[in-house]
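Next comes query.pdb, a file with PDB, C-alpha atoms.
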```pdb
ATOM      1  CA  MET A 298     -79.477-233.167  71.588
ATOM      2  CA  ARG A 299     -82.392-232.178  73.822
ATOM      3  CA  ARG A 300     -80.849-233.998  76.815
ATOM      4  CA  ARG A 301     -77.467-232.425  76.149
ATOM      5  CA  HIS A 302     -79.062-229.005  75.929
ATOM      6  CA  LEU A 303     -80.946-229.617  79.203
ATOM      7  CA  ARG A 304     -77.754-230.724  80.967
ATOM      8  CA  GLY A 305     -75.975-227.645  79.693
ATOM      9  CA  ARG A 306     -78.724-225.374  81.027
ATOM     10  CA  LEU A 307     -78.712-227.099  84.414
ATOM     11  CA  ASP A 308     -74.919-226.951  84.573
ATOM     12  CA  PHE A 309     -74.934-223.237  83.728
ATOM     13  CA  LYS A 310     -77.661-222.519  86.284
ATOM     14  CA  TYR A 311     -76.680-224.649  89.272
ATOM     15  CA  SER A 312     -72.933-225.348  88.984
ATOM     16  CA  PRO A 313     -71.905-221.982  90.589
ATOM     17  CA  TYR A 314     -73.823-222.969  93.734
ATOM     18  CA  LEU A 315     -72.033-226.302  93.742
ATOM     19  CA  TYR A 316     -68.630-224.620  93.465
ATOM     20  CA  ILE A 317     -69.198-222.269  96.410
ATOM     21  CA  SER A 318     -71.003-224.822  98.583
ATOM     22  CA  PRO A 319     -67.839-226.211 100.313
ATOM     23  CA  PHE A 320     -67.235-222.866 102.012
ATOM     24  CA  PHE A 321     -70.799-222.598 103.314
ATOM     25  CA  ILE A 322     -70.835-226.243 104.428
ATOM     26  CA  LEU A 323     -67.562-225.742 106.310
ATOM     27  CA  PHE A 324     -68.828-222.487 107.795
ATOM     28  CA  ALA A 325     -72.027-224.198 108.974
ATOM     29  CA  LEU A 326     -70.014-226.950 110.675
ATOM     30  CA  VAL A 327     -67.281-224.934 112.375
ATOM     31  CA  GLY A 328     -68.941-221.519 112.641
ATOM     32  CA  LEU A 329     -72.715-221.476 112.662
ATOM     33  CA  PHE A 330     -73.309-224.702 114.626
ATOM     34  CA  PRO A 331     -70.946-223.768 117.528
ATOM     35  CA  LEU A 332     -72.590-220.335 117.668
ATOM     36  CA  ILE A 333     -76.083-221.795 117.968
ATOM     37  CA  TYR A 334     -74.911-224.483 120.383
ATOM     38  CA  THR A 335     -73.271-221.827 122.583
ATOM     39  CA  PHE A 336     -76.584-219.981 122.789
ATOM     40  CA  VAL A 337     -78.342-223.216 123.816
ATOM     41  CA  VAL A 338     -75.744-223.716 126.556
ATOM     42  CA  SER A 339     -76.165-220.105 127.726
ATOM     43  CA  ILE A 340     -79.855-220.586 128.527
ATOM     44  CA  ASN A 341     -79.223-223.692 130.645
ATOM     45  CA  ASP A 342     -77.552-224.372 133.986
ATOM     46  CA  TRP A 343     -74.644-226.157 132.331
ATOM     47  CA  ASP A 344     -71.812-227.574 134.415
ATOM     48  CA  LEU A 345     -68.399-228.628 133.154
ATOM     49  CA  LEU A 346     -68.573-232.113 134.735
ATOM     50  CA  SER A 347     -72.263-232.937 135.034
ATOM     51  CA  GLY A 348     -73.275-231.447 131.689
ATOM     52  CA  ALA A 349     -76.676-229.978 130.895
ATOM     53  CA  GLY A 350     -78.885-229.021 133.818
ATOM     54  CA  ASP A 351     -82.167-227.156 134.180
ATOM     55  CA  TRP A 352     -83.362-224.572 131.708
ATOM     56  CA  VAL A 353     -82.839-221.131 133.239
ATOM     57  CA  GLY A 354     -83.703-218.815 130.356
ATOM     58  CA  LEU A 355     -81.940-215.464 130.535
ATOM     59  CA  LYS A 356     -80.840-215.774 134.162
ATOM     60  CA  ASN A 357     -77.223-216.342 133.148
ATOM     61  CA  TYR A 358     -77.289-213.081 131.191
ATOM     62  CA  GLN A 359     -78.889-211.238 134.102
ATOM     63  CA  ALA A 360     -76.312-212.624 136.518
ATOM     64  CA  GLU A 361     -73.434-211.483 134.331
ATOM     65  CA  LEU A 362     -74.900-208.038 133.748
ATOM     66  CA  ALA A 363     -75.065-207.635 137.520
ATOM     67  CA  SER A 364     -71.556-209.007 138.081
ATOM     68  CA  PRO A 365     -68.790-206.420 138.693
ATOM     69  CA  LEU A 366     -66.233-208.902 137.353
ATOM     70  CA  PHE A 367     -67.898-208.848 133.934
ATOM     71  CA  TRP A 368     -67.863-205.047 133.768
ATOM     72  CA  ASN A 369     -64.270-205.005 134.990
ATOM     73  CA  SER A 370     -63.268-207.377 132.186
ATOM     74  CA  LEU A 371     -65.157-205.260 129.662
ATOM     75  CA  PHE A 372     -63.367-202.118 130.845
ATOM     76  CA  ASN A 373     -59.989-203.857 130.615
ATOM     77  CA  THR A 374     -60.791-205.126 127.116
ATOM     78  CA  PHE A 375     -61.731-201.719 125.757
ATOM     79  CA  SER A 376     -58.811-200.037 127.501
ATOM     80  CA  ILE A 377     -56.250-202.428 126.008
ATOM     81  CA  PHE A 378     -58.040-202.247 122.656
ATOM     82  CA  LEU A 379     -57.849-198.444 122.484
ATOM     83  CA  LEU A 380     -54.217-198.392 123.643
ATOM     84  CA  SER A 381     -53.282-200.902 120.949
ATOM     85  CA  ALA A 382     -55.571-200.216 117.982
ATOM     86  CA  ILE A 383     -55.123-196.445 117.634
ATOM     87  CA  PRO A 384     -51.279-196.337 117.785
ATOM     88  CA  GLN A 385     -51.135-199.514 115.718
ATOM     89  CA  LEU A 386     -53.123-198.042 112.821
ATOM     90  CA  VAL A 387     -51.264-194.726 112.928
ATOM     91  CA  ILE A 388     -47.823-196.373 112.944
ATOM     92  CA  ALA A 389     -48.881-198.931 110.292
ATOM     93  CA  THR A 390     -50.051-196.141 107.992
ATOM     94  CA  PHE A 391     -46.772-194.255 108.489
ATOM     95  CA  ILE A 392     -44.674-197.377 107.805
ATOM     96  CA  ALA A 393     -46.719-198.171 104.699
ATOM     97  CA  ALA A 394     -46.217-194.621 103.415
ATOM     98  CA  MET A 395     -42.465-194.915 103.962
ATOM     99  CA  LEU A 396     -42.274-198.287 102.214
ATOM    100  CA  ASP A 397     -44.260-196.872  99.308
ATOM    101  CA  GLN A 398     -41.423-194.464  98.553
ATOM    102  CA  ASN A 399     -38.553-195.187  96.193
ATOM    103  CA  ILE A 400     -36.067-196.504  98.763
ATOM    104  CA  ARG A 401     -33.225-198.969  98.489
ATOM    105  CA  ALA A 402     -33.761-202.654  99.359
ATOM    106  CA  LYS A 403     -37.533-202.277  99.322
ATOM    107  CA  THR A 404     -38.150-206.035  99.421
ATOM    108  CA  PHE A 405     -35.899-206.444 102.448
ATOM    109  CA  TRP A 406     -37.697-203.744 104.446
ATOM    110  CA  ARG A 407     -41.129-205.030 103.452
ATOM    111  CA  MET A 408     -40.250-208.535 104.578
ATOM    112  CA  SER A 409     -38.669-207.229 107.786
ATOM    113  CA  VAL A 410     -41.879-205.628 109.039
ATOM    114  CA  LEU A 411     -43.573-209.021 108.736
ATOM    115  CA  VAL A 412     -41.101-210.820 111.018
ATOM    116  CA  PRO A 413     -42.971-210.016 114.297
ATOM    117  CA  TYR A 414     -46.143-211.556 112.841
ATOM    118  CA  VAL A 415     -44.294-214.809 112.083
ATOM    119  CA  VAL A 416     -43.218-215.234 115.720
ATOM    120  CA  THR A 417     -45.741-217.250 117.727
ATOM    121  CA  PRO A 418     -47.874-215.297 120.232
ATOM    122  CA  VAL A 419     -46.686-217.477 123.121
ATOM    123  CA  ALA A 420     -43.031-216.657 122.426
ATOM    124  CA  VAL A 421     -43.821-212.944 122.072
ATOM    125  CA  THR A 422     -45.736-212.915 125.351
ATOM    126  CA  LEU A 423     -43.000-214.725 127.268
ATOM    127  CA  ILE A 424     -40.333-212.358 125.937
ATOM    128  CA  PHE A 425     -42.304-209.237 126.822
ATOM    129  CA  SER A 426     -43.372-210.697 130.158
ATOM    130  CA  THR A 427     -39.710-211.073 131.074
ATOM    131  CA  ALA A 428     -38.864-207.589 129.780
ATOM    132  CA  PHE A 429     -41.671-206.018 131.830
ATOM    133  CA  ASP A 430     -40.843-207.923 135.011
ATOM    134  CA  GLU A 431     -41.058-205.600 138.011
ATOM    135  CA  LYS A 432     -37.863-206.776 139.741
ATOM    136  CA  TYR A 433     -35.464-208.080 137.115
ATOM    137  CA  GLY A 434     -37.037-206.872 133.883
ATOM    138  CA  LEU A 435     -35.109-205.018 131.207
ATOM    139  CA  ILE A 436     -37.449-202.006 131.190
ATOM    140  CA  ASN A 437     -37.201-201.335 134.927
ATOM    141  CA  ASN A 438     -33.451-201.893 134.850
ATOM    142  CA  LEU A 439     -33.129-199.201 132.188
ATOM    143  CA  LEU A 440     -35.321-196.858 134.232
ATOM    144  CA  GLY A 441     -33.177-197.501 137.291
ATOM    145  CA  ALA A 442     -30.017-196.812 135.298
ATOM    146  CA  LEU A 443     -31.502-193.437 134.345
ATOM    147  CA  ASN A 444     -32.336-192.701 138.036
ATOM    148  CA  LEU A 445     -36.066-192.930 137.313
ATOM    149  CA  ASP A 446     -38.711-194.633 139.404
ATOM    150  CA  THR A 447     -39.537-198.173 138.418
ATOM    151  CA  ILE A 448     -43.054-199.028 137.251
ATOM    152  CA  ALA A 449     -45.304-201.794 138.582
ATOM    153  CA  TRP A 450     -46.070-203.239 135.162
ATOM    154  CA  LYS A 451     -47.885-206.320 136.486
ATOM    155  CA  THR A 452     -49.609-204.744 139.476
ATOM    156  CA  ASP A 453     -51.050-201.368 138.476
ATOM    157  CA  VAL A 454     -53.920-201.092 136.013
ATOM    158  CA  PHE A 455     -52.698-198.606 133.432
ATOM    159  CA  PRO A 456     -49.064-199.844 133.231
ATOM    160  CA  SER A 457     -50.267-203.422 132.743
ATOM    161  CA  HIS A 458     -52.596-202.294 129.952
ATOM    162  CA  MET A 459     -49.735-200.389 128.327
ATOM    163  CA  ALA A 460     -47.446-203.421 128.490
ATOM    164  CA  ILE A 461     -50.031-205.747 126.921
ATOM    165  CA  ALA A 462     -50.882-203.142 124.258
ATOM    166  CA  THR A 463     -47.177-202.925 123.424
ATOM    167  CA  MET A 464     -47.115-206.663 122.751
ATOM    168  CA  VAL A 465     -50.132-206.414 120.461
ATOM    169  CA  ASN A 466     -48.698-203.438 118.577
ATOM    170  CA  TRP A 467     -45.327-205.118 118.108
ATOM    171  CA  ARG A 468     -46.926-208.187 116.544
ATOM    172  CA  TRP A 469     -49.658-206.694 114.349
ATOM    173  CA  THR A 470     -48.329-203.332 113.163
ATOM    174  CA  GLY A 471     -46.188-204.786 110.364
ATOM    175  CA  TYR A 472     -49.007-207.037 109.163
ATOM    176  CA  ASN A 473     -51.417-204.106 108.836
ATOM    177  CA  ALA A 474     -48.679-202.000 107.238
ATOM    178  CA  LEU A 475     -48.284-204.505 104.392
ATOM    179  CA  ILE A 476     -52.045-204.517 103.764
ATOM    180  CA  LEU A 477     -52.095-200.729 103.603
ATOM    181  CA  LEU A 478     -48.977-200.756 101.422
ATOM    182  CA  ALA A 479     -50.716-202.992  98.870
ATOM    183  CA  ALA A 480     -53.602-200.516  98.747
ATOM    184  CA  MET A 481     -51.238-197.547  98.356
ATOM    185  CA  GLN A 482     -49.461-199.193  95.445
ATOM    186  CA  ALA A 483     -52.798-199.566  93.655
ATOM    187  CA  VAL A 484     -53.276-195.773  93.635
ATOM    188  CA  PRO A 485     -52.487-194.476  90.106
ATOM    189  CA  ARG A 486     -49.138-192.694  90.007
ATOM    190  CA  GLU A 487     -50.555-190.206  87.528
ATOM    191  CA  LEU A 488     -52.559-188.626  90.346
ATOM    192  CA  HIS A 489     -49.427-187.994  92.395
ATOM    193  CA  GLU A 490     -47.535-186.677  89.369
ATOM    194  CA  SER A 491     -50.355-184.291  88.456
ATOM    195  CA  ALA A 492     -50.615-183.031  92.032
ATOM    196  CA  ALA A 493     -46.840-182.568  92.207
ATOM    197  CA  ILE A 494     -46.894-180.542  88.991
ATOM    198  CA  ASP A 495     -49.625-178.356  90.508
ATOM    199  CA  GLY A 496     -47.339-177.659  93.461
ATOM    200  CA  ALA A 497     -48.704-180.064  96.096
ATOM    201  CA  GLY A 498     -46.102-181.325  98.540
ATOM    202  CA  ALA A 499     -45.652-184.877  99.792
ATOM    203  CA  ILE A 500     -47.752-184.316 102.928
ATOM    204  CA  ARG A 501     -50.563-182.652 100.969
ATOM    205  CA  ARG A 502     -50.590-185.505  98.428
ATOM    206  CA  PHE A 503     -50.702-188.046 101.237
ATOM    207  CA  PHE A 504     -53.764-186.540 102.924
ATOM    208  CA  SER A 505     -55.562-185.473  99.739
ATOM    209  CA  ILE A 506     -54.826-188.420  97.435
ATOM    210  CA  THR A 507     -53.425-191.432  99.268
ATOM    211  CA  LEU A 508     -55.725-191.604 102.288
ATOM    212  CA  PRO A 509     -59.004-191.040 100.351
ATOM    213  CA  SER A 510     -57.926-193.631  97.775
ATOM    214  CA  ILE A 511     -57.229-196.365 100.346
ATOM    215  CA  ARG A 512     -60.388-195.715 102.389
ATOM    216  CA  PRO A 513     -61.948-199.193 101.746
ATOM    217  CA  THR A 514     -58.736-200.941 102.814
ATOM    218  CA  MET A 515     -58.450-198.686 105.855
ATOM    219  CA  ILE A 516     -62.012-199.611 106.868
ATOM    220  CA  PHE A 517     -61.151-203.309 106.482
ATOM    221  CA  VAL A 518     -58.054-202.913 108.675
ATOM    222  CA  ILE A 519     -60.040-201.006 111.318
ATOM    223  CA  ILE A 520     -62.778-203.661 111.471
ATOM    224  CA  THR A 521     -60.320-206.578 111.672
ATOM    225  CA  ALA A 522     -58.294-204.746 114.331
ATOM    226  CA  THR A 523     -61.503-204.162 116.292
ATOM    227  CA  ILE A 524     -62.506-207.813 116.170
ATOM    228  CA  GLY A 525     -59.031-209.004 117.135
ATOM    229  CA  GLY A 526     -58.649-206.394 119.872
ATOM    230  CA  LEU A 527     -61.929-207.312 121.564
ATOM    231  CA  GLN A 528     -61.042-211.028 121.465
ATOM    232  CA  ILE A 529     -57.569-210.680 123.008
ATOM    233  CA  PHE A 530     -56.667-213.682 125.162
ATOM    234  CA  THR A 531     -53.100-214.988 124.802
ATOM    235  CA  GLU A 532     -51.259-211.829 125.847
ATOM    236  CA  PRO A 533     -53.077-211.231 129.177
ATOM    237  CA  LYS A 534     -53.199-214.966 129.894
ATOM    238  CA  LEU A 535     -49.410-215.419 129.747
ATOM    239  CA  PHE A 536     -48.350-211.936 130.836
ATOM    240  CA  ASN A 537     -47.928-213.012 134.469
ATOM    241  CA  PRO A 538     -47.684-216.822 134.653
ATOM    242  CA  SER A 539     -46.968-216.746 138.399
ATOM    243  CA  SER A 540     -50.374-215.218 139.208
ATOM    244  CA  SER A 541     -52.963-217.707 140.455
ATOM    245  CA  VAL A 542     -55.812-215.491 139.219
ATOM    246  CA  PRO A 543     -56.111-215.128 135.418
ATOM    247  CA  GLY A 544     -55.606-211.477 134.614
ATOM    248  CA  GLY A 545     -53.499-210.440 137.586
ATOM    249  CA  PRO A 546     -53.925-210.650 141.388
ATOM    250  CA  ASP A 547     -56.698-208.027 141.346
ATOM    251  CA  ARG A 548     -57.917-208.900 137.823
ATOM    252  CA  GLN A 549     -56.472-205.577 136.707
ATOM    253  CA  TYR A 550     -55.876-206.769 133.129
ATOM    254  CA  GLN A 551     -58.400-209.608 132.886
ATOM    255  CA  THR A 552     -60.085-209.277 129.496
ATOM    256  CA  THR A 553     -63.563-210.549 128.636
ATOM    257  CA  VAL A 554     -62.332-213.645 126.806
ATOM    258  CA  LEU A 555     -59.997-214.447 129.689
ATOM    259  CA  TYR A 556     -62.896-213.942 132.105
ATOM    260  CA  LEU A 557     -65.179-216.361 130.246
ATOM    261  CA  TRP A 558     -62.307-218.876 130.084
ATOM    262  CA  ASP A 559     -62.001-218.578 133.882
ATOM    263  CA  LEU A 560     -65.752-219.090 134.248
ATOM    264  CA  ALA A 561     -65.782-222.152 132.022
ATOM    265  CA  PHE A 562     -62.654-224.084 133.023
ATOM    266  CA  ASN A 563     -61.799-222.869 136.521
ATOM    267  CA  ARG A 564     -65.302-222.506 137.933
ATOM    268  CA  GLY A 565     -66.968-225.056 135.660
ATOM    269  CA  ASP A 566     -69.927-222.778 134.860
ATOM    270  CA  PHE A 567     -70.405-223.279 131.144
ATOM    271  CA  GLY A 568     -73.799-221.583 131.153
ATOM    272  CA  ARG A 569     -72.554-218.198 132.361
ATOM    273  CA  ALA A 570     -69.406-218.484 130.245
ATOM    274  CA  SER A 571     -71.538-219.038 127.142
ATOM    275  CA  ALA A 572     -73.678-216.042 128.095
ATOM    276  CA  VAL A 573     -70.538-213.894 128.280
ATOM    277  CA  ALA A 574     -69.423-215.221 124.893
ATOM    278  CA  TRP A 575     -72.746-214.282 123.316
ATOM    279  CA  MET A 576     -72.747-210.808 124.867
ATOM    280  CA  LEU A 577     -69.227-210.218 123.545
ATOM    281  CA  PHE A 578     -70.394-211.441 120.144
ATOM    282  CA  LEU A 579     -73.246-208.920 120.136
ATOM    283  CA  ILE A 580     -70.904-206.123 121.241
ATOM    284  CA  ILE A 581     -68.557-206.875 118.347
ATOM    285  CA  ILE A 582     -71.489-206.848 115.906
ATOM    286  CA  VAL A 583     -72.709-203.484 117.233
ATOM    287  CA  ILE A 584     -69.236-201.948 116.913
ATOM    288  CA  GLY A 585     -68.891-203.402 113.416
ATOM    289  CA  VAL A 586     -72.218-201.864 112.367
ATOM    290  CA  ILE A 587     -71.142-198.500 113.816
ATOM    291  CA  ASN A 588     -67.899-198.675 111.818
ATOM    292  CA  PHE A 589     -69.882-199.531 108.685
ATOM    293  CA  LEU A 590     -72.268-196.601 109.173
ATOM    294  CA  ILE A 591     -69.438-194.178 109.860
ATOM    295  CA  SER A 592     -67.546-195.350 106.784
ATOM    296  CA  GLY A 593     -70.704-195.039 104.677
ATOM    297  CA  THR A 594     -71.234-191.487 105.929
ATOM    298  CA  ILE A 595     -67.645-190.546 105.110
ATOM    299  CA  ALA A 596     -67.929-192.055 101.632
ATOM    300  CA  SER A 597     -71.233-190.283 100.884
ATOM    301  CA  SER A 598     -69.874-186.942 102.095
ATOM    302  CA  SER A 599     -66.838-187.295  99.836
ATOM    303  CA  ASP A 600     -69.131-188.063  96.880
ATOM    304  CA  LYS A 601     -71.131-184.899  97.599
ATOM    305  CA  ARG A 602     -67.960-182.813  97.557
ATOM    306  CA  ARG A 603     -66.927-184.272  94.202
ATOM    307  CA  PRO A 604     -67.544-181.802  91.348
ATOM    308  CA  ARG A 605     -70.288-182.763  88.943
ATOM    309  CA  ARG A 606     -70.804-181.941  85.303
ATOM    310  CA  ILE A 607     -73.451-179.316  84.601
ATOM    311  CA  PRO A 608     -76.225-180.935  82.535
ATOM    312  CA  GLY A 609     -77.187-179.363  79.259
ATOM    313  CA  ARG A 610     -73.734-177.911  78.612
ATOM    314  CA  LYS A 611     -71.017-178.964  76.240
ATOM    315  CA  ALA A 612     -67.377-178.434  76.845
ATOM    316  CA  LYS A 613     -65.838-175.328  75.430
ATOM    317  CA  ARG A 614     -64.086-175.834  72.154
ATOM    318  CA  ILE A 615     -61.768-173.791  70.042
ATOM    319  CA  LYS A 616     -62.863-172.853  66.550
ATOM    320  CA  SER A 617     -61.424-170.687  63.868
ATOM    321  CA  HIS A 618     -62.708-167.191  63.255
ATOM    322  CA  PRO A 619     -63.135-166.111  59.638
ATOM    323  CA  THR A 620     -60.519-163.396  60.136
ATOM    324  CA  GLY A 621     -57.993-166.004  61.193
ATOM    325  CA  SER A 622     -58.090-165.343  64.959
ATOM    326  CA  LEU A 623     -59.195-167.914  67.536
ATOM    327  CA  ARG A 624     -62.072-167.570  69.887
ATOM    328  CA  GLU A 625     -63.815-169.726  72.532
ATOM    329  CA  SER A 626     -67.486-170.515  72.286
ATOM    330  CA  ALA A 627     -69.832-172.561  74.403
ATOM    331  CA  ASN A 628     -72.820-174.055  72.638
ATOM    332  CA  ASP A 629     -76.008-174.995  74.452
ATOM    333  CA  GLU A 630     -77.533-178.319  73.587
TER     334      GLU A 630
END
```
Step by step, read the file and then write its structure as C-alpha cells.
Amino acid sequence: MRRRHLRGRLDFKYSPYLYISPFFILFALVGLFPLIYTFVVSINDWDLLSGAGDWVGLKNYQAELASPLFWNSLFNTFSIFLLSAIPQLVIATFIAAMLDQNIRAKTFWRMSVLVPYVVTPVAVTLIFSTAFDEKYGLINNLLGALNLDTIAWKTDVFPSHMAIATMVNWRWTGYNALILLAAMQAVPRELHESAAIDGAGAIRRFFSITLPSIRPTMIFVIITATIGGLQIFTEPKLFNPSSSVPGGPDRQYQTTVLYLWDLAFNRGDFGRASAVAWMLFLIIIVIGVINFLISGTIASSSDKRRPRRIPGRKAKRIKSHPTGSLRESANDE
C-alpha cells in the first residue's frame, strides 16, 4: 500500500511534465538548436563550400549594418509589410463582420473565403506574376483598353511593392477573416440585443461591443501577420523569374529573407547570411514586444473606463410604506 501510494504521488506530481515533454523536445531539436547554431555560424567566417573558417566575432554584423543592400532589403520588407498587413486586417475584419450576420448559405461563403489559402504559394505567385507582366499582363491590358498609361509593375519600386502586397492580401485575408469570425461568434448575443433595444445601430454595436470583445484575437492576428509579413520570401522570389538578380534588376523588391538567401546560396557567405537572420529575428522580437505593450496599454485603459461599484453601498431596493405606497431607500452598510 505504501509503494502504491508513493507511485500515485509521483504520477500525480511528475506525469504532467512527461505529457508536455514531446513538444519541448521537438522544439529544442527543430527550433532552439538551429537558432543557436545560426548564431555560432554568424560569428565565424563561414563559407558554403569550405565550411567553418576563422572566428570573426561581430564583424559580420558590422559589415551588414554598413551595407546599403541590407538597409534596402529592410526598407522593402517594411514597405511590403505595411502595404499588405494594414489593408489585410481591415478587409478581414469587414468580411468577418459580414459573415457574422444572418445571411443565406453561410457555410458556403465561409468556406469560399478559405479557398485562396488552400492554393499553394508558388501557384499564386506564378498567376499574379503573369497578370502583372509589363508587356502582356492582364492588368496592363485592361489599363490600355481604358486608354490609361501602363504601369511598370516589375521595374518601379512602389508598383512592385503593391503587386507583391496584393498577392499576400489575396492569400491571407480569408484565413484571418475566419479567425476573427470565430471570435465574433463567441461574443454573447445578449449584449447586441440589449444595445439594439437601447437604440444602438449596427455600426455603433460593432465599434462599441464587437471590436472590444475580440481584442485578444485581434492582437493575435496582428502579431502573426507581423511575423509572416517580415519573413516574406516566396512572393518576391518568384515574382519575376526572368530576373538574374533576386528581387528585381535593381533589387527594388528584394526583402530581407530574400537578401540573406542570396548571401548564403549565391555568394556562399553563410556567416553574413546568419548575421542577417539573427538581426531579423531581433527586429521581429522588438516589434512583438511593442505590440504586446501597446495591447496591454489599451486593455488597461479600457479597464479604467469600466464603471466600478461604490464600496460601502447597497443597491437600492423597493419596500412597502405603512400607508401602502412604495418608496426607494438606500441603506448604508
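Taking CA of Ile511 in chain A and CA of Ala480 in chain A as the two end points, the separation is 5.7 Å.
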Quick one: apply the PyMOL selection byres ((chain A and resi 544) around 12) to the file and drop the selected residues here as a ChimeraX atom specification.
/A:366,369-370,373-374,451-454,457-458,461,529-543,545-559
For CA of Asp344 in chain A and CA of Val419 in chain A, the interatomic separation in Å (one decimal)
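Spanning CA of Asp344 in chain A to CA of Val419 in chain A is a straight-line distance of 29.3 Å.
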Shortest interatomic distance to Ala449 in chain A - which of A:Ile587, A:Ala393, A:Ala474, A:Ile436, counting only C-alpha atoms
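Of A:Ile587, A:Ala393, A:Ala474, A:Ile436, the one nearest Ala449 in chain A, counting only C-alpha atoms, is A:Ile436.
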Measure the distance from CA of Phe562 in chain A to CA of Ile322 in chain A in Å and round it to one decimal.
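Atom-to-atom, CA of Phe562 in chain A to CA of Ile322 in chain A, that is 29.8 Å.
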I'd like the contact shell of Thr507 in chain A - 12 Å cut-off, only C-alpha atoms, skipping same-chain residues fewer than 3 positions apart - returned as a count of residues only.
30
Could you tell me which of A:Ile516, A:Asp566, A:Trp575, A:Val465 comes closest to Ile591 in chain A if we count all atoms listed in the file?
A:Ile516
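The closest residue to Phe372 in chain A, picked from A:Phe455, A:Leu435, A:Thr463, A:Phe517 and counting only C-alpha atoms, is A:Phe455.
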I would like the residues chosen by the PyMOL selection byres ((chain A and resi 572) around 9) on the shown file; could you give them as a ChimeraX atom specification?
/A:335-336,338-340,355,357-358,361,557,567-571,573-577
Given the PyMOL selection byres ((chain A and resi 385) around 10), the residues it picks as a PyMOL selection string:
chain A and resi 379-384+386-391+462-463+465-471+473-474+522
Range 443-452 of chain A, all listed atoms, 8 Å padding on each side: what axis-aligned box centre and edge lengths in Å to one decimal come out, as AutoDock Vina command-line options?
```
--center_x -40.6 --center_y -199.5 --center_z 136.9 --size_x 34.1 --size_y 29.6 --size_z 21.1
```
Taking 4 positions as the minimum chain separation for residues in the same chain, which residues sit within 7 Å of Ala460 in chain A when counting all atoms listed in the file? Answer as a ChimeraX atom specification.
/A:450,456,464
